[in-house]
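run39.cif, holding mmCIF, N, CA and C atoms:
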data_upload
loop_
_atom_site.label_atom_id
_atom_site.label_comp_id
_atom_site.auth_asym_id
_atom_site.auth_seq_id
_atom_site.Cartn_x
_atom_site.Cartn_y
_atom_site.Cartn_z
N ALA A 19 120.23 95.87 93.80
CA ALA A 19 119.22 96.53 92.96
C ALA A 19 118.01 96.94 93.81
N GLU A 20 117.64 96.10 94.75
CA GLU A 20 116.49 96.45 95.60
C GLU A 20 116.79 97.66 96.47
N GLU A 21 118.04 97.80 96.88
CA GLU A 21 118.43 98.93 97.72
C GLU A 21 118.30 100.25 96.94
N ILE A 22 118.74 100.25 95.70
CA ILE A 22 118.63 101.46 94.86
C ILE A 22 117.17 101.76 94.56
N LEU A 23 116.37 100.72 94.30
CA LEU A 23 114.94 100.91 94.07
C LEU A 23 114.27 101.48 95.32
N GLU A 24 114.65 100.97 96.46
CA GLU A 24 114.09 101.46 97.73
C GLU A 24 114.41 102.95 97.92
N ARG A 25 115.63 103.34 97.62
CA ARG A 25 116.00 104.75 97.73
C ARG A 25 115.20 105.62 96.77
N GLY A 26 115.03 105.14 95.54
CA GLY A 26 114.26 105.89 94.55
C GLY A 26 112.80 106.05 94.97
N LEU A 27 112.23 105.00 95.52
CA LEU A 27 110.84 105.08 95.99
C LEU A 27 110.71 105.99 97.20
N LYS A 28 111.74 106.04 98.02
CA LYS A 28 111.72 106.93 99.17
C LYS A 28 111.68 108.39 98.72
N VAL A 29 112.39 108.70 97.64
CA VAL A 29 112.37 110.05 97.08
C VAL A 29 110.97 110.40 96.59
N LYS A 30 110.30 109.43 95.97
CA LYS A 30 108.93 109.62 95.48
C LYS A 30 107.90 109.47 96.60
N GLU A 31 108.35 109.23 97.82
CA GLU A 31 107.50 109.02 98.98
C GLU A 31 106.55 107.85 98.80
N TYR A 32 107.00 106.83 98.10
CA TYR A 32 106.27 105.59 97.86
C TYR A 32 104.92 105.83 97.17
N GLU A 33 104.81 106.92 96.43
CA GLU A 33 103.58 107.22 95.69
C GLU A 33 103.86 107.13 94.20
N LEU A 34 103.15 106.24 93.51
CA LEU A 34 103.24 106.12 92.07
C LEU A 34 101.85 106.28 91.48
N ARG A 35 101.79 106.73 90.26
CA ARG A 35 100.51 106.84 89.56
C ARG A 35 100.18 105.51 88.91
N ALA A 36 98.92 105.30 88.64
CA ALA A 36 98.50 104.05 87.98
C ALA A 36 99.09 103.95 86.59
N ARG A 37 99.35 105.09 85.95
CA ARG A 37 99.92 105.06 84.60
C ARG A 37 101.40 104.69 84.60
N ASN A 38 102.04 104.63 85.78
CA ASN A 38 103.42 104.18 85.86
C ASN A 38 103.54 102.67 85.65
N PHE A 39 102.41 101.96 85.72
CA PHE A 39 102.39 100.51 85.57
C PHE A 39 101.91 100.15 84.16
N SER A 40 102.66 99.28 83.49
CA SER A 40 102.27 98.89 82.13
C SER A 40 101.31 97.70 82.17
N ALA A 41 100.70 97.43 81.04
CA ALA A 41 99.75 96.32 80.93
C ALA A 41 100.44 94.96 81.08
N THR A 42 101.74 94.91 80.78
CA THR A 42 102.48 93.65 80.89
C THR A 42 103.07 93.43 82.28
N GLY A 43 102.74 94.31 83.24
CA GLY A 43 103.15 94.09 84.61
C GLY A 43 104.45 94.75 85.01
N ASN A 44 105.03 95.56 84.17
CA ASN A 44 106.26 96.27 84.51
C ASN A 44 105.90 97.66 85.02
N PHE A 45 106.83 98.31 85.71
CA PHE A 45 106.56 99.67 86.15
C PHE A 45 107.84 100.49 86.18
N GLY A 46 107.67 101.79 86.08
CA GLY A 46 108.81 102.69 86.07
C GLY A 46 108.44 104.06 86.59
N PHE A 47 109.45 104.80 87.00
CA PHE A 47 109.26 106.16 87.48
C PHE A 47 110.60 106.89 87.37
N GLY A 48 110.57 108.20 87.51
CA GLY A 48 111.79 108.99 87.41
C GLY A 48 111.92 109.94 88.58
N ILE A 49 113.16 110.34 88.85
CA ILE A 49 113.42 111.35 89.87
C ILE A 49 114.15 112.51 89.20
N GLN A 50 114.01 113.70 89.76
CA GLN A 50 114.57 114.90 89.16
C GLN A 50 116.06 115.07 89.46
N GLU A 51 116.49 114.76 90.69
CA GLU A 51 117.87 115.01 91.08
C GLU A 51 118.49 113.76 91.71
N HIS A 52 119.65 113.37 91.22
CA HIS A 52 120.29 112.17 91.74
C HIS A 52 120.81 112.37 93.17
N ILE A 53 120.98 113.61 93.59
CA ILE A 53 121.49 113.84 94.95
C ILE A 53 120.45 113.46 96.01
N ASP A 54 119.18 113.34 95.61
CA ASP A 54 118.14 112.90 96.54
C ASP A 54 118.35 111.45 96.99
N LEU A 55 119.11 110.68 96.22
CA LEU A 55 119.37 109.28 96.57
C LEU A 55 120.43 109.15 97.65
N GLY A 56 121.07 110.25 98.01
CA GLY A 56 122.14 110.19 99.00
C GLY A 56 123.51 110.18 98.34
N ILE A 57 123.57 110.31 97.02
CA ILE A 57 124.84 110.38 96.30
C ILE A 57 125.40 111.78 96.49
N LYS A 58 126.68 111.86 96.75
CA LYS A 58 127.31 113.15 97.01
C LYS A 58 127.35 113.99 95.74
N TYR A 59 127.18 115.30 95.89
CA TYR A 59 127.19 116.23 94.76
C TYR A 59 128.63 116.45 94.29
N ASP A 60 128.83 116.36 92.99
CA ASP A 60 130.13 116.60 92.39
C ASP A 60 129.98 117.73 91.38
N THR A 61 130.79 118.78 91.52
CA THR A 61 130.64 119.94 90.64
C THR A 61 130.98 119.63 89.20
N SER A 62 131.83 118.65 88.96
CA SER A 62 132.19 118.31 87.57
C SER A 62 131.04 117.59 86.85
N ILE A 63 130.19 116.93 87.60
CA ILE A 63 129.06 116.20 87.00
C ILE A 63 127.82 117.09 86.94
N GLY A 64 127.56 117.81 88.00
CA GLY A 64 126.34 118.61 88.08
C GLY A 64 125.21 117.77 88.63
N ILE A 65 123.99 118.17 88.33
CA ILE A 65 122.81 117.44 88.79
C ILE A 65 122.13 116.81 87.59
N PHE A 66 121.77 115.55 87.71
CA PHE A 66 121.05 114.86 86.64
C PHE A 66 119.93 114.02 87.24
N GLY A 67 118.93 113.76 86.44
CA GLY A 67 117.81 112.93 86.87
C GLY A 67 118.08 111.47 86.58
N MET A 68 117.23 110.62 87.10
CA MET A 68 117.37 109.18 86.87
C MET A 68 116.00 108.57 86.62
N ASP A 69 115.98 107.56 85.76
CA ASP A 69 114.77 106.79 85.51
C ASP A 69 114.96 105.39 86.08
N PHE A 70 113.93 104.89 86.73
CA PHE A 70 113.93 103.53 87.26
C PHE A 70 112.88 102.73 86.49
N TYR A 71 113.22 101.52 86.07
CA TYR A 71 112.25 100.67 85.39
C TYR A 71 112.41 99.25 85.92
N VAL A 72 111.32 98.67 86.38
CA VAL A 72 111.33 97.33 86.98
C VAL A 72 110.57 96.39 86.06
N VAL A 73 111.24 95.30 85.66
CA VAL A 73 110.62 94.28 84.81
C VAL A 73 110.28 93.09 85.69
N MET A 74 108.99 92.80 85.79
CA MET A 74 108.53 91.71 86.64
C MET A 74 108.58 90.39 85.87
N GLY A 75 108.85 89.30 86.59
CA GLY A 75 108.90 87.99 85.96
C GLY A 75 108.60 86.90 86.97
N ARG A 76 108.31 85.75 86.46
CA ARG A 76 108.07 84.57 87.29
C ARG A 76 109.06 83.48 86.89
N PRO A 77 109.26 82.49 87.74
CA PRO A 77 110.08 81.36 87.31
C PRO A 77 109.45 80.70 86.09
N GLY A 78 110.27 80.44 85.08
CA GLY A 78 109.76 79.83 83.86
C GLY A 78 109.67 80.80 82.71
N PHE A 79 109.93 82.07 82.92
CA PHE A 79 109.86 83.05 81.83
C PHE A 79 110.99 82.86 80.82
N ARG A 80 112.01 82.13 81.19
CA ARG A 80 113.15 81.92 80.31
C ARG A 80 112.77 81.10 79.07
N VAL A 81 111.71 80.34 79.12
CA VAL A 81 111.36 79.48 77.98
C VAL A 81 111.10 80.30 76.72
N SER A 82 110.73 81.54 76.84
CA SER A 82 110.50 82.36 75.66
C SER A 82 111.80 82.95 75.11
N ARG A 83 112.88 82.93 75.90
CA ARG A 83 114.13 83.55 75.46
C ARG A 83 115.25 82.55 75.18
N ARG A 84 115.05 81.31 75.53
CA ARG A 84 116.13 80.34 75.34
C ARG A 84 116.36 80.03 73.86
N LYS A 85 117.56 79.54 73.56
CA LYS A 85 117.92 79.26 72.17
C LYS A 85 117.32 77.94 71.67
N HIS A 86 117.38 76.91 72.50
CA HIS A 86 116.86 75.60 72.12
C HIS A 86 115.39 75.46 72.55
N ALA A 87 114.53 75.15 71.63
CA ALA A 87 113.11 74.91 71.88
C ALA A 87 112.40 76.08 72.59
N PRO A 88 112.49 77.28 72.02
CA PRO A 88 111.76 78.38 72.65
C PRO A 88 110.25 78.20 72.49
N SER A 89 109.50 78.65 73.46
CA SER A 89 108.04 78.54 73.38
C SER A 89 107.42 79.78 74.00
N ARG A 90 106.12 79.87 73.91
CA ARG A 90 105.41 81.04 74.40
C ARG A 90 105.02 80.88 75.86
N ILE A 91 104.85 82.01 76.51
CA ILE A 91 104.37 82.02 77.90
C ILE A 91 102.86 81.99 77.85
N GLY A 92 102.25 81.07 78.57
CA GLY A 92 100.79 80.96 78.58
C GLY A 92 100.13 82.13 79.28
N ALA A 93 98.91 82.41 78.93
CA ALA A 93 98.18 83.54 79.49
C ALA A 93 98.05 83.49 81.01
N PRO A 94 97.78 82.33 81.63
CA PRO A 94 97.68 82.32 83.09
C PRO A 94 99.01 82.58 83.80
N HIS A 95 100.13 82.38 83.09
CA HIS A 95 101.45 82.55 83.70
C HIS A 95 101.98 83.97 83.54
N ARG A 96 101.39 84.75 82.67
CA ARG A 96 101.83 86.13 82.46
C ARG A 96 101.44 87.00 83.65
N ILE A 97 102.16 88.08 83.81
CA ILE A 97 101.88 89.02 84.89
C ILE A 97 101.14 90.21 84.30
N ASN A 98 100.08 90.63 84.97
CA ASN A 98 99.32 91.78 84.47
C ASN A 98 99.48 92.98 85.41
N LYS A 99 98.85 94.06 85.04
CA LYS A 99 98.99 95.32 85.76
C LYS A 99 98.48 95.21 87.21
N LEU A 100 97.35 94.57 87.41
CA LEU A 100 96.77 94.48 88.76
C LEU A 100 97.64 93.67 89.70
N GLU A 101 98.24 92.59 89.20
CA GLU A 101 99.12 91.77 90.04
C GLU A 101 100.35 92.56 90.48
N THR A 102 100.89 93.36 89.56
CA THR A 102 102.06 94.16 89.90
C THR A 102 101.72 95.24 90.90
N ILE A 103 100.56 95.87 90.76
CA ILE A 103 100.14 96.90 91.71
C ILE A 103 99.96 96.29 93.11
N GLU A 104 99.36 95.12 93.18
CA GLU A 104 99.18 94.45 94.48
C GLU A 104 100.54 94.09 95.09
N TRP A 105 101.48 93.59 94.26
CA TRP A 105 102.81 93.26 94.75
C TRP A 105 103.50 94.51 95.28
N TYR A 106 103.40 95.62 94.56
CA TYR A 106 104.03 96.87 94.97
C TYR A 106 103.46 97.36 96.30
N LYS A 107 102.14 97.30 96.44
CA LYS A 107 101.51 97.73 97.69
C LYS A 107 101.94 96.87 98.87
N LYS A 108 102.05 95.56 98.64
CA LYS A 108 102.42 94.64 99.71
C LYS A 108 103.90 94.74 100.07
N LYS A 109 104.75 94.81 99.07
CA LYS A 109 106.20 94.80 99.30
C LYS A 109 106.71 96.12 99.89
N PHE A 110 106.23 97.24 99.37
CA PHE A 110 106.76 98.54 99.77
C PHE A 110 105.76 99.38 100.57
N ASP A 111 104.58 98.87 100.85
CA ASP A 111 103.52 99.64 101.49
C ASP A 111 103.29 100.95 100.74
N GLY A 112 103.27 100.84 99.42
CA GLY A 112 103.16 102.02 98.57
C GLY A 112 101.73 102.42 98.31
N ILE A 113 101.59 103.62 97.75
CA ILE A 113 100.30 104.18 97.41
C ILE A 113 100.25 104.34 95.89
N VAL A 114 99.16 103.91 95.28
CA VAL A 114 98.98 104.08 93.85
C VAL A 114 97.86 105.08 93.63
N LEU A 115 98.21 106.21 93.04
CA LEU A 115 97.25 107.27 92.78
C LEU A 115 96.51 107.02 91.48
N GLN A 116 95.23 107.23 91.45
CA GLN A 116 94.41 106.96 90.27
C GLN A 116 94.18 108.23 89.47
N LYS A 117 95.21 108.98 89.17
CA LYS A 117 95.07 110.23 88.41
C LYS A 117 95.17 109.98 86.95
#
I need this file expressed as structure tokens, please.
Amino acid sequence: AEEILERGLKVKEYELRARNFSATGNFGFGIQEHIDLGIKYDTSIGIFGMDFYVVMGRPGFRVSRRKHAPSRIGAPHRINKLETIEWYKKKFDGIVLQK
């Protein structure tokens, strides 16, 4: 999954807008042509775009989804927009545009 994400970010030249990041710490972006990822062009398929969406999480997030004794995630344990932007800049050396 990281390899496909890396290819998608390479197409976007590692530049995302601030509005690509949600308040809950997730982010997403889209590309216009799938052939930019290095996938071979097939005439029967044509050209199609792709959307990428990354859901961020920490260890312990399962407590809200488990069947037995589910509970809420505390506010200090949640991921926010700024933390995700910092992670993105550090992990991919990306640029976040403030448009």
Work out how far CA of Lys107 (chain A) is from CA of Phe47 (chain A), in Å to one decimal.
-> 15.3 Å
Using the chain letters and numbering of this document, enumerate as a list in words the residues selected by the PyMOL selection byres (((chain A and resi 71-79 and name CA) around 6) and name CA).
->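 Against this file, the PyMOL selection byres (((chain A and resi 71-79 and name CA) around 6) and name CA) returns the residues Asn44, Phe45, Gly46, Phe70, Arg80 and Val81 of chain A.
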If you apply the PyMOL selection byres (((chain A and resi 65 and name CA) around 12) and name CA) to this file, what residues do you get, as a ChimeraX atom specification?
-> /A:49-55,57-64,66-68
Enumerate, as a list in words, the residues matched when the PyMOL selection byres ((chain A and resi 30-39) around 6.5) is run on the file above.
-> Arg25, Gly26, Leu27, Lys28, Val29, Ser40, Ala41, Thr42, Gly43, Asn44, Phe45, Gly46, Phe47, Lys99, Asp111, Gly112, Ile113, Val114, Leu115, Gln116 and Lys117 of chain A
Length of the CA of Ile22 (chain A) to CA of Arg83 (chain A) vector [Å] |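 That distance, rounded to one decimal, is 26.8 Å.
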Calculate how many Å separate atom N of Gly92 (chain A) from CA of Leu23 (chain A), rounding to one decimal.
-> 28.2 Å
Determine which residues of chain A DSSP labels as strand (DSSP E) from the backbone of this structure, then write them out as a list of chain:residue names.
->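 Taking chain A and keeping strand (DSSP E) gives A:Glu33, A:Leu34, A:Arg35, A:Phe45, A:Gly46, A:Phe47, A:Gly48, A:Ile49, A:Met68, A:Asp69, A:Phe70, A:Tyr71, A:Val72, A:Ile113, A:Val114, A:Leu115.
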Using only N, CA and C atoms, please write the residues we just selected to a file, as a short mmCIF file (atom, residue, chain, number, x, y, z; two decimals), in the coordinates of the input.
data_model
loop_
_atom_site.label_atom_id
_atom_site.label_comp_id
_atom_site.auth_asym_id
_atom_site.auth_seq_id
_atom_site.Cartn_x
_atom_site.Cartn_y
_atom_site.Cartn_z
N GLU A 33 104.81 106.92 96.43
CA GLU A 33 103.58 107.22 95.69
C GLU A 33 103.86 107.13 94.20
N LEU A 34 103.15 106.24 93.51
CA LEU A 34 103.24 106.12 92.07
C LEU A 34 101.85 106.28 91.48
N ARG A 35 101.79 106.73 90.26
CA ARG A 35 100.51 106.84 89.56
C ARG A 35 100.18 105.51 88.91
N PHE A 45 106.83 98.31 85.71
CA PHE A 45 106.56 99.67 86.15
C PHE A 45 107.84 100.49 86.18
N GLY A 46 107.67 101.79 86.08
CA GLY A 46 108.81 102.69 86.07
C GLY A 46 108.44 104.06 86.59
N PHE A 47 109.45 104.80 87.00
CA PHE A 47 109.26 106.16 87.48
C PHE A 47 110.60 106.89 87.37
N GLY A 48 110.57 108.20 87.51
CA GLY A 48 111.79 108.99 87.41
C GLY A 48 111.92 109.94 88.58
N ILE A 49 113.16 110.34 88.85
CA ILE A 49 113.42 111.35 89.87
C ILE A 49 114.15 112.51 89.20
N MET A 68 117.23 110.62 87.10
CA MET A 68 117.37 109.18 86.87
C MET A 68 116.00 108.57 86.62
N ASP A 69 115.98 107.56 85.76
CA ASP A 69 114.77 106.79 85.51
C ASP A 69 114.96 105.39 86.08
N PHE A 70 113.93 104.89 86.73
CA PHE A 70 113.93 103.53 87.26
C PHE A 70 112.88 102.73 86.49
N TYR A 71 113.22 101.52 86.07
CA TYR A 71 112.25 100.67 85.39
C TYR A 71 112.41 99.25 85.92
N VAL A 72 111.32 98.67 86.38
CA VAL A 72 111.33 97.33 86.98
C VAL A 72 110.57 96.39 86.06
N ILE A 113 101.59 103.62 97.75
CA ILE A 113 100.30 104.18 97.41
C ILE A 113 100.25 104.34 95.89
N VAL A 114 99.16 103.91 95.28
CA VAL A 114 98.98 104.08 93.85
C VAL A 114 97.86 105.08 93.63
N LEU A 115 98.21 106.21 93.04
CA LEU A 115 97.25 107.27 92.78
C LEU A 115 96.51 107.02 91.48
#
Chain A: residues DSSP assigns to alpha helix (DSSP H), reported as a ChimeraX atom specification | /A:20-29,99-110
